[in-house]
Amino acid sequence: MRALLAAVLATGLGLAACSSGQETCELSPEVAKVAAPVKLERLEKSFFQIKSPAEAERFLQEHKLFARQFLQSRQYPAGVLGATLTRLATNSGLQKLGAQADTTFRTEQLRPQLQLLFQHIRYYFPDFRVPPVNTFVSGLSQDLFVNDSLLVISTDFFVGPKAAYLPNVPGYIQRRYTKEHVLPGVALAISSKYNQKQLTNQTMLGEMVQFGKALYFAEKVLPCTPDSLLMGYTSQEMAGVSFNEGKIWAHFIDKNLLYNTAPFTIQKYIGERPNIPEIDKTCPGRVGAWVGWQIVRKYMADHPNVTLKQLMAEKNAQRILNESRYRPKQNRGRLS
């Protein structure tokens with residue numbers, strides 16, 4: 001099955017209402033009042049019951065929204081998608097991976113955790129409509145699909161390092177495909193619905209703040225999720241960037257990077273890379289997004305009356321930087 005949509009890289013499943021560093025979490029009474037019922041349908045069982053193209057066509061008819069949006073059934077000539085699904089459903093290797101995914105993701109755990117995420121989103125954005133949720137085994141073709149009318153989680157992507165088959169991505173990305181990274185990926189994807197940006201003259205600063213706003217959104221709607229899961233860094237990487245925050249910021253200033261508009265240069269600091277040797281060989285990729293997050297955090301700390309909705313609607317990255325007064329100090333020692 002072809003790649004169906006640009007994948008949202010997932011960056012878990014444990015959350016309630018507290019700041020990231022706390023060990024215990026309590027659900028906010030105000031959030032608890034928010035109605036956010038979850039319609040969750042596990043499609044794996046009926047998918048693996050397919051034994052023939054006729055049964056595959058019946059599956060597609062029974063799940064028309066899923067077929068149309070996730071599988072993009074309208075793009076296939078008659079019979080092609082049904083034949084493809086039959087080959088996948090009867091593949092013994094995929095059946096083994098599907099069994100692992102079923103053990104990893106239990107409905108009685110997943111449903112309330114999704115509901116809690118949606119309650120937080122609706123608390124900040126009352127107009128948010130909770131989409132129906134499908135889980136599926138896609139044969140490692142697409143990890144997440146998120147839009148206003150459907151959320152699909154391909155559970156086979158998120159089994160973890162002991163999976164029979166692993167996503168065909170570099171190791172530094174692969175380690176983020178665990179069940180704990182599912183909800184951060186969903187939250188980051190949903191943030192794009194509200195995250196406004198300037199559409200012209202894109203700068204390094206604009207991209208940094210754009211990603212920073214997305215991460216801040218995820219932080220607020222998953223308030224008990226560690227920063228390392230939201231960012232997709234290891235604990236060691238988180239400690240390193242936190243300790244060297246001032247040095248990292250100095251690099252952006254000294255190299256006049258904030259107003260650089262070259263897409264290749266921007267991607268060096270925002271896009272997927274195992275590290276950023278331009279700063280230091282130990283500096284993890286996407287550190288520009290992490291710095292943008294710290295800028296947004298400082299801005300929101302200094303402006304307690306600004307709501308999450310207002311933050312996400314703010315397109316002016318320069319204003320956020322200026323009013324954040326973000327100036328991290330450089331640590332002169334070394335991280336032990």
# chains A, B, ... in the order shown; residues from 1 in each chain; ligands from 1
>>> residues_around(residues="A:Arg106", least_positions_apart="5", cutoff="12 Å", atoms="only C-alpha atoms", output="ChimeraX atom specification")
/A:13,40-42,99-101,111-113,135,155,159,179
>>> residues_around(residues="A:Ser242", least_positions_apart="3", cutoff="12 Å", atoms="only C-alpha atoms", output="mmCIF file with N, CA and C atoms, in the first residue's frame")
data_model
loop_
_atom_site.group_PDB
_atom_site.id
_atom_site.type_symbol
_atom_site.label_atom_id
_atom_site.label_comp_id
_atom_site.auth_asym_id
_atom_site.auth_seq_id
_atom_site.Cartn_x
_atom_site.Cartn_y
_atom_site.Cartn_z
ATOM 1 N N ASP A 227 8.940 16.669 29.020
ATOM 2 C CA ASP A 227 9.437 17.425 27.872
ATOM 3 C C ASP A 227 10.152 16.529 26.877
ATOM 4 N N SER A 228 10.833 15.514 27.364
ATOM 5 C CA SER A 228 11.587 14.634 26.475
ATOM 6 C C SER A 228 10.670 13.918 25.491
ATOM 7 N N TYR A 233 13.336 13.856 22.396
ATOM 8 C CA TYR A 233 14.744 13.748 22.769
ATOM 9 C C TYR A 233 14.908 12.685 23.853
ATOM 10 N N SER A 235 16.617 11.620 27.535
ATOM 11 C CA SER A 235 16.827 12.387 28.769
ATOM 12 C C SER A 235 18.185 13.071 28.753
ATOM 13 N N GLN A 236 19.189 12.374 28.207
ATOM 14 C CA GLN A 236 20.528 12.959 28.129
ATOM 15 C C GLN A 236 20.545 14.161 27.193
ATOM 16 N N GLU A 237 19.853 14.064 26.080
ATOM 17 C CA GLU A 237 19.788 15.197 25.153
ATOM 18 C C GLU A 237 19.065 16.376 25.787
ATOM 19 N N MET A 238 17.986 16.102 26.526
ATOM 20 C CA MET A 238 17.270 17.184 27.198
ATOM 21 C C MET A 238 18.164 17.885 28.205
ATOM 22 N N ALA A 239 18.916 17.108 28.976
ATOM 23 C CA ALA A 239 19.821 17.699 29.960
ATOM 24 C C ALA A 239 20.874 18.540 29.264
ATOM 25 N N GLU A 245 21.763 25.957 26.995
ATOM 26 C CA GLU A 245 20.798 26.836 26.338
ATOM 27 C C GLU A 245 21.421 28.162 25.924
ATOM 28 N N GLY A 246 22.198 28.772 26.810
ATOM 29 C CA GLY A 246 22.828 30.047 26.498
ATOM 30 C C GLY A 246 23.811 29.945 25.338
ATOM 31 N N LYS A 247 24.577 28.869 25.296
ATOM 32 C CA LYS A 247 25.536 28.675 24.213
ATOM 33 C C LYS A 247 24.828 28.440 22.883
ATOM 34 N N ILE A 248 23.738 27.701 22.927
ATOM 35 C CA ILE A 248 22.985 27.442 21.706
ATOM 36 C C ILE A 248 22.396 28.742 21.167
ATOM 37 N N TRP A 249 21.826 29.540 22.047
ATOM 38 C CA TRP A 249 21.257 30.822 21.626
ATOM 39 C C TRP A 249 22.353 31.736 21.084
ATOM 40 N N CYS A 283 25.031 18.154 19.896
ATOM 41 C CA CYS A 283 23.768 18.902 19.876
ATOM 42 C C CYS A 283 22.746 18.150 19.028
ATOM 43 N N PRO A 284 21.599 17.789 19.577
ATOM 44 C CA PRO A 284 20.621 16.999 18.818
ATOM 45 C C PRO A 284 19.947 17.820 17.722
ATOM 46 N N VAL A 287 17.092 21.415 17.155
ATOM 47 C CA VAL A 287 17.269 22.234 18.354
ATOM 48 C C VAL A 287 16.670 23.628 18.169
ATOM 49 N N TRP A 290 13.374 23.491 19.647
ATOM 50 C CA TRP A 290 13.445 23.512 21.112
ATOM 51 C C TRP A 290 13.683 24.933 21.615
ATOM 52 N N VAL A 291 14.571 25.680 20.962
ATOM 53 C CA VAL A 291 14.814 27.076 21.362
ATOM 54 C C VAL A 291 13.537 27.893 21.181
ATOM 55 N N TRP A 293 10.582 26.875 21.475
ATOM 56 C CA TRP A 293 9.718 26.504 22.605
ATOM 57 C C TRP A 293 10.085 27.305 23.842
ATOM 58 N N GLN A 294 11.373 27.474 24.093
ATOM 59 C CA GLN A 294 11.802 28.228 25.274
ATOM 60 C C GLN A 294 11.447 29.711 25.134
ATOM 61 N N PRO A 328 18.923 33.836 27.526
ATOM 62 C CA PRO A 328 19.495 32.815 28.429
ATOM 63 C C PRO A 328 20.977 33.054 28.672
ATOM 64 N N LYS A 329 21.395 32.822 29.890
ATOM 65 C CA LYS A 329 22.794 33.003 30.253
ATOM 66 C C LYS A 329 23.590 31.745 29.881
ATOM 67 N N GLN A 330 24.855 31.965 29.592
ATOM 68 C CA GLN A 330 25.727 30.854 29.254
ATOM 69 C C GLN A 330 26.344 30.251 30.518
ATOM 70 N N ASN A 331 26.255 28.936 30.628
ATOM 71 C CA ASN A 331 26.947 28.232 31.703
ATOM 72 C C ASN A 331 28.409 28.021 31.288
ATOM 73 N N ARG A 334 30.839 22.511 32.629
ATOM 74 C CA ARG A 334 30.479 21.421 31.746
ATOM 75 C C ARG A 334 29.436 20.540 32.422
ATOM 76 N N LEU A 335 28.543 19.994 31.608
ATOM 77 C CA LEU A 335 27.518 19.110 32.152
ATOM 78 C C LEU A 335 28.163 17.800 32.574
#
>>> residues_around(residues="A:Tyr124", least_positions_apart="5", cutoff="9 Å", atoms="only C-alpha atoms", output="PDB file with C-alpha atoms, in the first residue's frame")
ATOM      1  CA  GLN A 119     -10.860  17.385  27.224  1.00  0.00           C
ATOM      2  CA  LYS A 220      -0.662  22.532  27.758  1.00  0.00           C
ATOM      3  CA  VAL A 221      -2.939  19.766  26.466  1.00  0.00           C
ATOM      4  CA  THR A 307      -4.525  32.747  26.457  1.00  0.00           C
ATOM      5  CA  LEU A 308      -3.380  29.705  24.530  1.00  0.00           C
ATOM      6  CA  LYS A 309      -5.875  30.613  21.830  1.00  0.00           C
TER       7      LYS A 309
END
>>> select_by_dssp(residues="stretch 101-271 of chain A", states="alpha helix (DSSP H)", output="PyMOL selection string")
chain A and resi 101-104+107-124+171-174+182-191+204-221+227-231+235-243+245-254+263-270
>>> residues_around(residues="A:Thr178", least_positions_apart="2", cutoff="7 Å", atoms="only C-alpha atoms", output="list in words")
Phe158, Val159, Gly160, Arg176, Glu180 and His181 of chain A
>>> write_last_selection(atoms="C-alpha atoms", output="short mmCIF file (atom, residue, chain, number, x, y, z; two decimals), in the first residue's frame")
data_model
loop_
_atom_site.label_atom_id
_atom_site.label_comp_id
_atom_site.auth_asym_id
_atom_site.auth_seq_id
_atom_site.Cartn_x
_atom_site.Cartn_y
_atom_site.Cartn_z
CA PHE A 158 4.40 2.30 17.83
CA VAL A 159 5.05 -1.19 19.20
CA GLY A 160 8.59 -0.22 20.21
CA ARG A 176 10.43 7.83 18.95
CA GLU A 180 4.49 6.80 24.86
CA HIS A 181 5.03 9.03 21.81
#
>>> residues_around(residues="A:Lys213", least_positions_apart="2", cutoff="10 Å", atoms="only C-alpha atoms", output="PyMOL selection string")
chain A and resi 188+191-192+194-196+207-211+215-219+289+292-297+308+311-314+317
>>> select_by_dssp(residues="stretch 78-315 of chain A", states="strand (DSSP E)", output="PyMOL selection string")
chain A and resi 133-136+144-146+151-154
>>> write_last_selection(atoms="N, CA, C and O atoms", output="mmCIF file, in the first residue's frame")
data_model
loop_
_atom_site.group_PDB
_atom_site.id
_atom_site.type_symbol
_atom_site.label_atom_id
_atom_site.label_comp_id
_atom_site.auth_asym_id
_atom_site.auth_seq_id
_atom_site.Cartn_x
_atom_site.Cartn_y
_atom_site.Cartn_z
ATOM 1 N N VAL A 133 -12.064 8.128 16.167
ATOM 2 C CA VAL A 133 -10.710 7.587 16.181
ATOM 3 C C VAL A 133 -10.738 6.142 15.701
ATOM 4 O O VAL A 133 -11.536 5.335 16.184
ATOM 5 N N ASN A 134 -9.890 5.845 14.756
ATOM 6 C CA ASN A 134 -9.683 4.476 14.295
ATOM 7 C C ASN A 134 -8.255 4.058 14.596
ATOM 8 O O ASN A 134 -7.329 4.862 14.467
ATOM 9 N N THR A 135 -8.077 2.810 15.017
ATOM 10 C CA THR A 135 -6.736 2.231 15.057
ATOM 11 C C THR A 135 -6.667 1.171 13.968
ATOM 12 O O THR A 135 -7.667 0.530 13.620
ATOM 13 N N PHE A 136 -5.465 0.990 13.439
ATOM 14 C CA PHE A 136 -5.301 0.144 12.262
ATOM 15 C C PHE A 136 -3.869 -0.332 12.201
ATOM 16 O O PHE A 136 -2.971 0.275 12.810
ATOM 17 N N LEU A 144 0.409 8.302 11.526
ATOM 18 C CA LEU A 144 -0.759 9.014 12.041
ATOM 19 C C LEU A 144 -1.460 9.735 10.904
ATOM 20 O O LEU A 144 -0.827 10.202 9.957
ATOM 21 N N PHE A 145 -2.760 9.832 11.037
ATOM 22 C CA PHE A 145 -3.569 10.644 10.125
ATOM 23 C C PHE A 145 -4.498 11.466 10.989
ATOM 24 O O PHE A 145 -5.243 10.917 11.811
ATOM 25 N N VAL A 146 -4.459 12.775 10.833
ATOM 26 C CA VAL A 146 -5.260 13.654 11.684
ATOM 27 C C VAL A 146 -5.870 14.757 10.828
ATOM 28 O O VAL A 146 -5.152 15.497 10.144
ATOM 29 N N LEU A 151 -9.297 10.679 12.993
ATOM 30 C CA LEU A 151 -7.968 10.432 13.539
ATOM 31 C C LEU A 151 -7.680 8.943 13.409
ATOM 32 O O LEU A 151 -8.469 8.119 13.868
ATOM 33 N N VAL A 152 -6.573 8.618 12.761
ATOM 34 C CA VAL A 152 -6.169 7.222 12.605
ATOM 35 C C VAL A 152 -4.788 7.038 13.226
ATOM 36 O O VAL A 152 -3.856 7.797 12.933
ATOM 37 N N ILE A 153 -4.674 6.040 14.073
ATOM 38 C CA ILE A 153 -3.400 5.668 14.684
ATOM 39 C C ILE A 153 -3.011 4.306 14.140
ATOM 40 O O ILE A 153 -3.728 3.323 14.348
ATOM 41 N N SER A 154 -1.885 4.259 13.427
ATOM 42 C CA SER A 154 -1.368 2.976 12.959
ATOM 43 C C SER A 154 -0.543 2.370 14.081
ATOM 44 O O SER A 154 0.621 2.717 14.274
#
>>> closest_residue(among="A:Ser141, A:Gly271, A:Asp280, A:Lys96", to="A:Gly240", atoms="only C-alpha atoms")
A:Asp280
>>> closest_residue(among="A:Asn256, A:Gln310, A:Asn147, A:Gln142", to="A:Gln69", atoms="only C-alpha atoms")
A:Asn147
>>> closest_residue(among="A:Val137, A:Ile276, A:Leu94, A:Val34", to="A:Arg122", atoms="only C-alpha atoms")
A:Val34
